[in-house]
Amino acid sequence: MKHKILIVDDEQSVRIFLKDLFVEEGFDVCEAKDGKETLEMASSEHPNMIVLDLKLPDANGLDLIPQLKKENPLSEIII
């Protein structure tokens, strides 16, 4: 079973770069571009790790952490 990583960044180029890097290492990767999408993806995909941007168009990454941990308590979060 592959580990799943959720990449959260409003800049598409950053998401593409990180996705390519993690996929090359054998991880499953999903992406989100804003806070709303982040919470939806975390709920449906249950990632093992979340790479979280601080400044999103509709949210502050730090403000999302309690909701993300509530939904996925075992997920590691990297800011």
# chains A, B, ... in the order shown; residues from 1 in each chain; ligands from 1
$ residues_around --residues "Asn72 in chain A" --least-positions-apart "2" --cutoff "12 Å" --atoms "only C-alpha atoms" --output "PyMOL selection string"
chain A and resi 6+39-50+64-70+74-77
$ residues_around --residues "Leu52 in chain A" --least-positions-apart "2" --cutoff "10 Å" --atoms "only C-alpha atoms" --output "PDB file with N, CA and C atoms, in the first residue's frame"
ATOM      1  N   LEU A   6      -0.963  14.800   0.559  1.00  0.00           N
ATOM      2  CA  LEU A   6      -1.778  15.914   0.081  1.00  0.00           C
ATOM      3  C   LEU A   6      -0.891  17.148   0.014  1.00  0.00           C
ATOM      4  N   ILE A   7      -0.752  17.705  -1.173  1.00  0.00           N
ATOM      5  CA  ILE A   7       0.030  18.924  -1.378  1.00  0.00           C
ATOM      6  C   ILE A   7      -0.935  20.096  -1.452  1.00  0.00           C
ATOM      7  N   VAL A   8      -0.729  21.090  -0.593  1.00  0.00           N
ATOM      8  CA  VAL A   8      -1.600  22.264  -0.539  1.00  0.00           C
ATOM      9  C   VAL A   8      -0.782  23.511  -0.848  1.00  0.00           C
ATOM     10  N   ASP A   9      -1.064  24.120  -1.978  1.00  0.00           N
ATOM     11  CA  ASP A   9      -0.391  25.368  -2.346  1.00  0.00           C
ATOM     12  C   ASP A   9      -1.229  26.050  -3.414  1.00  0.00           C
ATOM     13  N   ALA A  32      -4.442  20.295  -3.521  1.00  0.00           N
ATOM     14  CA  ALA A  32      -5.473  21.286  -3.229  1.00  0.00           C
ATOM     15  C   ALA A  32      -4.864  22.668  -3.412  1.00  0.00           C
ATOM     16  N   GLY A  35      -8.087  26.599   0.889  1.00  0.00           N
ATOM     17  CA  GLY A  35      -8.519  26.000   2.146  1.00  0.00           C
ATOM     18  C   GLY A  35      -9.712  25.084   2.003  1.00  0.00           C
ATOM     19  N   THR A  38      -8.687  21.917   0.418  1.00  0.00           N
ATOM     20  CA  THR A  38      -7.839  21.173   1.350  1.00  0.00           C
ATOM     21  C   THR A  38      -8.680  20.336   2.300  1.00  0.00           C
ATOM     22  N   MET A  49       0.306  12.236   4.949  1.00  0.00           N
ATOM     23  CA  MET A  49       1.076  13.450   5.170  1.00  0.00           C
ATOM     24  C   MET A  49       0.442  14.589   4.385  1.00  0.00           C
ATOM     25  N   ILE A  50       0.484  15.788   4.968  1.00  0.00           N
ATOM     26  CA  ILE A  50      -0.041  16.984   4.316  1.00  0.00           C
ATOM     27  C   ILE A  50       1.080  18.022   4.277  1.00  0.00           C
ATOM     28  N   LEU A  54       1.207  28.202   4.064  1.00  0.00           N
ATOM     29  CA  LEU A  54       0.637  29.089   5.076  1.00  0.00           C
ATOM     30  C   LEU A  54      -0.387  30.053   4.497  1.00  0.00           C
ATOM     31  N   LYS A  55      -0.075  30.632   3.344  1.00  0.00           N
ATOM     32  CA  LYS A  55      -0.945  31.664   2.770  1.00  0.00           C
ATOM     33  C   LYS A  55      -1.727  31.074   1.599  1.00  0.00           C
ATOM     34  N   LEU A  56      -3.018  30.940   1.812  1.00  0.00           N
ATOM     35  CA  LEU A  56      -3.911  30.441   0.778  1.00  0.00           C
ATOM     36  C   LEU A  56      -4.927  31.532   0.458  1.00  0.00           C
ATOM     37  N   ASN A  60      -5.749  30.773   6.146  1.00  0.00           N
ATOM     38  CA  ASN A  60      -4.394  30.708   6.664  1.00  0.00           C
ATOM     39  C   ASN A  60      -4.129  29.242   6.982  1.00  0.00           C
ATOM     40  N   GLY A  61      -3.016  28.709   6.492  1.00  0.00           N
ATOM     41  CA  GLY A  61      -2.703  27.306   6.717  1.00  0.00           C
ATOM     42  C   GLY A  61      -2.719  26.908   8.186  1.00  0.00           C
ATOM     43  N   LEU A  62      -2.232  27.780   9.051  1.00  0.00           N
ATOM     44  CA  LEU A  62      -2.220  27.466  10.489  1.00  0.00           C
ATOM     45  C   LEU A  62      -3.632  27.289  11.034  1.00  0.00           C
ATOM     46  N   LEU A  64      -6.091  26.010   9.501  1.00  0.00           N
ATOM     47  CA  LEU A  64      -6.653  24.751   9.012  1.00  0.00           C
ATOM     48  C   LEU A  64      -6.207  23.536   9.829  1.00  0.00           C
ATOM     49  N   ILE A  65      -5.092  23.673  10.533  1.00  0.00           N
ATOM     50  CA  ILE A  65      -4.505  22.519  11.219  1.00  0.00           C
ATOM     51  C   ILE A  65      -5.472  21.837  12.189  1.00  0.00           C
ATOM     52  N   ILE A  77       1.741  16.786   9.376  1.00  0.00           N
ATOM     53  CA  ILE A  77       1.569  18.044   8.657  1.00  0.00           C
ATOM     54  C   ILE A  77       2.893  18.781   8.624  1.00  0.00           C
ATOM     55  N   ILE A  78       3.306  19.136   7.404  1.00  0.00           N
ATOM     56  CA  ILE A  78       4.541  19.897   7.192  1.00  0.00           C
ATOM     57  C   ILE A  78       4.146  21.232   6.601  1.00  0.00           C
ATOM     58  N   ILE A  79       4.626  22.300   7.218  1.00  0.00           N
ATOM     59  CA  ILE A  79       4.319  23.640   6.722  1.00  0.00           C
ATOM     60  C   ILE A  79       5.531  24.185   6.001  1.00  0.00           C
TER      61      ILE A  79
END
$ closest_residue --among "A:Pro57, A:Glu11, A:Ile5, A:Asp63" --to "Asp34 in chain A" --atoms "only C-alpha atoms"
A:Pro57
$ select_by_dssp --residues "chain A" --states "helix (DSSP H, G or I)" --output "VMD selection string"
chain A and resid 12 to 24 35 to 45 61 to 71
$ closest_residue --among "A:Ala59, A:His3, A:Cys30, A:Glu37" --to "Leu18 in chain A" --atoms "only C-alpha atoms"
A:Cys30
$ atom_distance --atom1 "CA of Asp10 in chain A" --atom2 "CA of Asp58 in chain A"
9.8 Å
$ select_by_dssp --residues "chain A" --states "strand (DSSP E)" --output "ChimeraX atom specification"
/A:4-8,28-32,49-52,55-56,59-60,76-78
$ atom_distance --atom1 "CA of Phe17 in chain A" --atom2 "CA of Lys33 in chain A"
13.9 Å
$ atom_distance --atom1 "CA of Ser13 in chain A" --atom2 "CA of Pro73 in chain A"
28.7 Å
$ residues_around --residues "Lys19 in chain A" --least-positions-apart "4" --cutoff "7 Å" --atoms "only C-alpha atoms" --output "list of chain:residue names"
A:Arg15, A:Val23, A:Val29
$ write_last_selection --atoms "C-alpha atoms" --output "short mmCIF file (atom, residue, chain, number, x, y, z; two decimals), in the first residue's frame"
data_model
loop_
_atom_site.label_atom_id
_atom_site.label_comp_id
_atom_site.auth_asym_id
_atom_site.auth_seq_id
_atom_site.Cartn_x
_atom_site.Cartn_y
_atom_site.Cartn_z
CA ARG A 15 2.17 21.76 -6.65
CA VAL A 23 5.39 10.46 -7.37
CA VAL A 29 -0.33 12.36 -4.40
#
$ decode --residues "range 17-30 of chain A" --atoms "N, CA and C atoms" --output "PDB file, in the first residue's frame"
ATOM      1  N   PHE A  17       5.731  20.730  -9.096  1.00  0.00           N
ATOM      2  CA  PHE A  17       7.089  20.354  -8.717  1.00  0.00           C
ATOM      3  C   PHE A  17       7.074  19.305  -7.606  1.00  0.00           C
ATOM      4  N   LEU A  18       6.311  19.571  -6.546  1.00  0.00           N
ATOM      5  CA  LEU A  18       6.271  18.638  -5.417  1.00  0.00           C
ATOM      6  C   LEU A  18       5.612  17.317  -5.808  1.00  0.00           C
ATOM      7  N   LYS A  19       4.553  17.389  -6.594  1.00  0.00           N
ATOM      8  CA  LYS A  19       3.888  16.161  -7.030  1.00  0.00           C
ATOM      9  C   LYS A  19       4.849  15.281  -7.815  1.00  0.00           C
ATOM     10  N   ASP A  20       5.546  15.847  -8.769  1.00  0.00           N
ATOM     11  CA  ASP A  20       6.509  15.083  -9.562  1.00  0.00           C
ATOM     12  C   ASP A  20       7.568  14.446  -8.664  1.00  0.00           C
ATOM     13  N   LEU A  21       8.056  15.191  -7.708  1.00  0.00           N
ATOM     14  CA  LEU A  21       9.074  14.701  -6.784  1.00  0.00           C
ATOM     15  C   LEU A  21       8.559  13.512  -5.970  1.00  0.00           C
ATOM     16  N   PHE A  22       7.366  13.647  -5.392  1.00  0.00           N
ATOM     17  CA  PHE A  22       6.824  12.586  -4.548  1.00  0.00           C
ATOM     18  C   PHE A  22       6.376  11.366  -5.359  1.00  0.00           C
ATOM     19  N   VAL A  23       5.804  11.580  -6.523  1.00  0.00           N
ATOM     20  CA  VAL A  23       5.391  10.456  -7.372  1.00  0.00           C
ATOM     21  C   VAL A  23       6.614   9.646  -7.797  1.00  0.00           C
ATOM     22  N   GLU A  24       7.695  10.340  -8.118  1.00  0.00           N
ATOM     23  CA  GLU A  24       8.939   9.675  -8.504  1.00  0.00           C
ATOM     24  C   GLU A  24       9.462   8.779  -7.376  1.00  0.00           C
ATOM     25  N   GLU A  25       9.172   9.166  -6.141  1.00  0.00           N
ATOM     26  CA  GLU A  25       9.605   8.376  -4.974  1.00  0.00           C
ATOM     27  C   GLU A  25       8.591   7.294  -4.603  1.00  0.00           C
ATOM     28  N   GLY A  26       7.495   7.188  -5.366  1.00  0.00           N
ATOM     29  CA  GLY A  26       6.553   6.102  -5.157  1.00  0.00           C
ATOM     30  C   GLY A  26       5.328   6.414  -4.315  1.00  0.00           C
ATOM     31  N   PHE A  27       5.090   7.682  -4.031  1.00  0.00           N
ATOM     32  CA  PHE A  27       3.920   8.068  -3.234  1.00  0.00           C
ATOM     33  C   PHE A  27       2.713   8.336  -4.128  1.00  0.00           C
ATOM     34  N   ASP A  28       1.515   8.130  -3.584  1.00  0.00           N
ATOM     35  CA  ASP A  28       0.294   8.619  -4.207  1.00  0.00           C
ATOM     36  C   ASP A  28       0.140  10.071  -3.785  1.00  0.00           C
ATOM     37  N   VAL A  29      -0.258  10.928  -4.700  1.00  0.00           N
ATOM     38  CA  VAL A  29      -0.331  12.357  -4.404  1.00  0.00           C
ATOM     39  C   VAL A  29      -1.681  12.921  -4.824  1.00  0.00           C
ATOM     40  N   CYS A  30      -2.258  13.742  -3.958  1.00  0.00           N
ATOM     41  CA  CYS A  30      -3.429  14.531  -4.314  1.00  0.00           C
ATOM     42  C   CYS A  30      -3.085  15.985  -4.021  1.00  0.00           C
TER      43      CYS A  30
END
